[in-house]
Amino acid sequence: MKHYFSLARLGLHLAVGLGICALQFPLLGEAGRNRRIQRWSRQLIAICGVTLVVNEDLQAEPVSPALIVSNHISWLDIFVINSVHPCRFVAKSDIRDWPLIGWLCDKSGTIFIARGRQRDVRRIFAGLVTSIHNGERVAFFPEGTTAAQGTVLPFHANLFEAAIEAQVPVQPYALRYVDAEGVLHEAADFIGEMTFVESVLLILRSRGITAELIRLPAKSSEGAHRRELAQSMHAAISSVLSPAVDTADNPPETERDQTVALQ
């Protein structure tokens, strides 16, 4: 019964978010919007029974401006990162169709990209560079999709070019969800044929999830190639999440890398 109460609270919180986006955002500057996004995101993960811990031992000072990247596990990832540093995320266009969350992501500045459309990639790339030059935090998940905990998929290199073009470093985050014993919490995995609603209900029933967000040292993009940046970030994130994680190296850039599939 407890998770039904949490589900009701979550629905109410989403409704509040709709109101904030519709009524307050048009009247606020970027700093005001970011404060509300950060507070709303913290409240959302708390309603879901998720405790946020930013790892202090490996914590590196945040760099701004920068292109932020992270491994990708769940729809929760966006809100976990926004609880620390509100960002404009690049996400696959399917998310726009998710109940309520899709509209909220759109209004909070998410940049949507259509799977497999090269024209979309070029348009998004130009927009990312402009956003970074305007001082906005921009983030994406270079795996292109969610992966079960214990695995970090190869990183697509395309959008790392935005950091090179904008002449800013890349700031990596490593993210995992664990239980009270520090074991990877499978309820956080959002993979396969699982729907968004099924994932929400599973998380609400599970409770006791801790999101560990580990900020790693930024890497300069000066003189770098996008593949080098992608491989370096994959190695850095994987090494922090090991030994539980599969640290397979990135394959060479192929034609597949020309069409970014992001979530």
# chains A, B, ... in the order shown; residues from 1 in each chain; ligands from 1
$ residues_around --residues "region 192-194 of chain A" --least-positions-apart "6" --cutoff "10 Å" --atoms "only C-alpha atoms" --output "PDB file with N, CA and C atoms, in the first residue's frame"
ATOM      1  N   THR A 146      20.127   3.120 -22.367  1.00  0.00           N
ATOM      2  CA  THR A 146      20.400   2.646 -21.014  1.00  0.00           C
ATOM      3  C   THR A 146      21.035   1.252 -21.055  1.00  0.00           C
ATOM      4  N   ALA A 147      21.818   0.959 -20.044  1.00  0.00           N
ATOM      5  CA  ALA A 147      22.454  -0.351 -19.923  1.00  0.00           C
ATOM      6  C   ALA A 147      22.249  -0.868 -18.507  1.00  0.00           C
ATOM      7  N   ALA A 148      22.137  -2.178 -18.369  1.00  0.00           N
ATOM      8  CA  ALA A 148      22.021  -2.780 -17.040  1.00  0.00           C
ATOM      9  C   ALA A 148      23.260  -2.454 -16.228  1.00  0.00           C
TER      10      ALA A 148
END
$ residues_around --residues "His72 (chain A)" --least-positions-apart "3" --cutoff "8 Å" --atoms "only C-alpha atoms" --output "PyMOL selection string"
chain A and resi 77+141+143+145-147+175
$ residues_around --residues "region 38-40 of chain A" --least-positions-apart "4" --cutoff "7 Å" --atoms "only C-alpha atoms" --output "list in words"
Asn34, Leu44, Asn82, Ser83, Val84 and Pro86 of chain A
$ residues_around --residues "Lys219 (chain A)" --least-positions-apart "2" --cutoff "8 Å" --atoms "only C-alpha atoms" --output "PyMOL selection string"
chain A and resi 169-171+217+221
$ select_by_dssp --residues "region 159-246 of chain A" --states "helix (DSSP H, G or I)" --output "PyMOL selection string"
chain A and resi 159-166+186-188+196-206+226-241
$ write_last_selection --atoms "C-alpha atoms" --output "tab-separated table (two decimals), in the first residue's frame"
chain	number	residue	atom	x	y	z
A	159	LEU	CA	28.64	14.81	-29.85
A	160	PHE	CA	32.06	15.04	-28.19
A	161	GLU	CA	32.88	17.22	-31.19
A	162	ALA	CA	30.77	19.94	-29.55
A	163	ALA	CA	33.33	20.26	-26.73
A	164	ILE	CA	36.16	20.55	-29.25
A	165	GLU	CA	34.31	23.15	-31.31
A	166	ALA	CA	33.26	25.14	-28.22
A	186	GLU	CA	18.58	-4.04	-10.01
A	187	ALA	CA	15.32	-2.13	-9.56
A	188	ALA	CA	16.98	0.94	-11.05
A	196	PHE	CA	8.37	3.86	-18.25
A	197	VAL	CA	5.32	3.14	-16.05
A	198	GLU	CA	6.63	-0.33	-15.15
A	199	SER	CA	9.97	1.18	-14.16
A	200	VAL	CA	8.32	3.82	-11.97
A	201	LEU	CA	6.23	1.21	-10.14
A	202	LEU	CA	9.23	-1.07	-9.60
A	203	ILE	CA	11.28	1.76	-8.10
A	204	LEU	CA	8.42	2.87	-5.83
A	205	ARG	CA	7.93	-0.69	-4.57
A	206	SER	CA	11.63	-1.28	-3.98
A	226	ARG	CA	36.28	13.12	-30.61
A	227	ARG	CA	37.14	9.40	-30.59
A	228	GLU	CA	39.99	10.04	-28.17
A	229	LEU	CA	37.64	11.95	-25.86
A	230	ALA	CA	34.97	9.23	-26.08
A	231	GLN	CA	37.46	6.47	-25.27
A	232	SER	CA	39.05	8.47	-22.46
A	233	MET	CA	35.68	9.19	-20.83
A	234	HIS	CA	34.60	5.56	-21.21
A	235	ALA	CA	37.79	4.37	-19.52
A	236	ALA	CA	37.51	6.93	-16.69
A	237	ILE	CA	33.89	6.13	-15.88
A	238	SER	CA	34.34	2.36	-16.23
A	239	SER	CA	37.39	2.31	-13.96
A	240	VAL	CA	35.45	3.98	-11.13
A	241	LEU	CA	32.51	1.59	-11.45
$ select_by_dssp --residues "region 110-180 of chain A" --states "strand (DSSP E or B)" --output "PyMOL selection string"
chain A and resi 111-113+138-140+151+170-178
$ closest_residue --among "A:His156, A:Arg35, A:His225, A:Arg88" --to "Gly127 (chain A)" --atoms "only C-alpha atoms"
A:Arg88
$ atom_distance --atom1 "CA of Ile209 (chain A)" --atom2 "CA of Pro154 (chain A)"
26.1 Å
$ atom_distance --atom1 "CA of Ala8 (chain A)" --atom2 "CA of Thr51 (chain A)"
19.3 Å
$ closest_residue --among "A:Gly32, A:Pro172, A:Gly17, A:Gly182" --to "Leu216 (chain A)" --atoms "only C-alpha atoms"
A:Pro172
$ closest_residue --among "A:Pro65, A:Gly49, A:Ser93, A:Pro142" --to "Phe155 (chain A)" --atoms "only C-alpha atoms"
A:Pro142
$ atom_distance --atom1 "CA of Val138 (chain A)" --atom2 "CA of Ala46 (chain A)"
24.1 Å
$ decode --residues "region 193-214 of chain A" --atoms "N, CA and C atoms" --output "PDB file, in the first residue's frame"
ATOM      1  N   GLU A 193      12.371  -4.397 -22.759  1.00  0.00           N
ATOM      2  CA  GLU A 193      11.007  -4.006 -23.118  1.00  0.00           C
ATOM      3  C   GLU A 193      10.266  -3.332 -21.968  1.00  0.00           C
ATOM      4  N   MET A 194      10.955  -3.035 -20.888  1.00  0.00           N
ATOM      5  CA  MET A 194      10.299  -2.393 -19.754  1.00  0.00           C
ATOM      6  C   MET A 194       9.766  -1.027 -20.155  1.00  0.00           C
ATOM      7  N   THR A 195       8.527  -0.739 -19.767  1.00  0.00           N
ATOM      8  CA  THR A 195       7.945   0.570 -20.052  1.00  0.00           C
ATOM      9  C   THR A 195       8.301   1.549 -18.947  1.00  0.00           C
ATOM     10  N   PHE A 196       8.100   2.818 -19.243  1.00  0.00           N
ATOM     11  CA  PHE A 196       8.371   3.855 -18.248  1.00  0.00           C
ATOM     12  C   PHE A 196       7.509   3.646 -17.004  1.00  0.00           C
ATOM     13  N   VAL A 197       6.233   3.340 -17.182  1.00  0.00           N
ATOM     14  CA  VAL A 197       5.325   3.142 -16.047  1.00  0.00           C
ATOM     15  C   VAL A 197       5.762   1.940 -15.221  1.00  0.00           C
ATOM     16  N   GLU A 198       6.154   0.854 -15.877  1.00  0.00           N
ATOM     17  CA  GLU A 198       6.626  -0.332 -15.152  1.00  0.00           C
ATOM     18  C   GLU A 198       7.868  -0.002 -14.316  1.00  0.00           C
ATOM     19  N   SER A 199       8.761   0.796 -14.885  1.00  0.00           N
ATOM     20  CA  SER A 199       9.969   1.177 -14.159  1.00  0.00           C
ATOM     21  C   SER A 199       9.631   2.025 -12.934  1.00  0.00           C
ATOM     22  N   VAL A 200       8.726   2.974 -13.102  1.00  0.00           N
ATOM     23  CA  VAL A 200       8.318   3.820 -11.975  1.00  0.00           C
ATOM     24  C   VAL A 200       7.756   2.967 -10.846  1.00  0.00           C
ATOM     25  N   LEU A 201       6.859   2.046 -11.165  1.00  0.00           N
ATOM     26  CA  LEU A 201       6.228   1.214 -10.139  1.00  0.00           C
ATOM     27  C   LEU A 201       7.252   0.321  -9.440  1.00  0.00           C
ATOM     28  N   LEU A 202       8.197  -0.220 -10.191  1.00  0.00           N
ATOM     29  CA  LEU A 202       9.228  -1.071  -9.605  1.00  0.00           C
ATOM     30  C   LEU A 202      10.088  -0.288  -8.617  1.00  0.00           C
ATOM     31  N   ILE A 203      10.456   0.919  -8.981  1.00  0.00           N
ATOM     32  CA  ILE A 203      11.279   1.759  -8.097  1.00  0.00           C
ATOM     33  C   ILE A 203      10.499   2.130  -6.838  1.00  0.00           C
ATOM     34  N   LEU A 204       9.229   2.495  -6.992  1.00  0.00           N
ATOM     35  CA  LEU A 204       8.420   2.869  -5.834  1.00  0.00           C
ATOM     36  C   LEU A 204       8.219   1.691  -4.877  1.00  0.00           C
ATOM     37  N   ARG A 205       8.104   0.488  -5.409  1.00  0.00           N
ATOM     38  CA  ARG A 205       7.927  -0.693  -4.566  1.00  0.00           C
ATOM     39  C   ARG A 205       9.224  -1.078  -3.862  1.00  0.00           C
ATOM     40  N   SER A 206      10.348  -0.802  -4.499  1.00  0.00           N
ATOM     41  CA  SER A 206      11.631  -1.276  -3.979  1.00  0.00           C
ATOM     42  C   SER A 206      12.107  -0.464  -2.789  1.00  0.00           C
ATOM     43  N   ARG A 207      12.070   0.858  -2.913  1.00  0.00           N
ATOM     44  CA  ARG A 207      12.570   1.750  -1.872  1.00  0.00           C
ATOM     45  C   ARG A 207      14.035   1.415  -1.528  1.00  0.00           C
ATOM     46  N   GLY A 208      14.603   2.140  -0.602  1.00  0.00           N
ATOM     47  CA  GLY A 208      15.952   1.840  -0.137  1.00  0.00           C
ATOM     48  C   GLY A 208      17.032   1.934  -1.201  1.00  0.00           C
ATOM     49  N   ILE A 209      16.803   2.703  -2.252  1.00  0.00           N
ATOM     50  CA  ILE A 209      17.798   2.847  -3.311  1.00  0.00           C
ATOM     51  C   ILE A 209      18.647   4.089  -3.019  1.00  0.00           C
ATOM     52  N   THR A 210      19.958   3.947  -3.139  1.00  0.00           N
ATOM     53  CA  THR A 210      20.858   5.081  -3.019  1.00  0.00           C
ATOM     54  C   THR A 210      21.511   5.343  -4.368  1.00  0.00           C
ATOM     55  N   ALA A 211      21.375   6.567  -4.865  1.00  0.00           N
ATOM     56  CA  ALA A 211      22.040   6.966  -6.105  1.00  0.00           C
ATOM     57  C   ALA A 211      23.394   7.563  -5.752  1.00  0.00           C
ATOM     58  N   GLU A 212      24.463   6.929  -6.230  1.00  0.00           N
ATOM     59  CA  GLU A 212      25.812   7.438  -6.005  1.00  0.00           C
ATOM     60  C   GLU A 212      26.281   8.143  -7.275  1.00  0.00           C
ATOM     61  N   LEU A 213      26.525   9.440  -7.161  1.00  0.00           N
ATOM     62  CA  LEU A 213      27.004  10.237  -8.285  1.00  0.00           C
ATOM     63  C   LEU A 213      28.450  10.627  -8.002  1.00  0.00           C
ATOM     64  N   ILE A 214      29.337  10.197  -8.867  1.00  0.00           N
ATOM     65  CA  ILE A 214      30.769  10.404  -8.667  1.00  0.00           C
ATOM     66  C   ILE A 214      31.280  11.360  -9.738  1.00  0.00           C
TER      67      ILE A 214
END
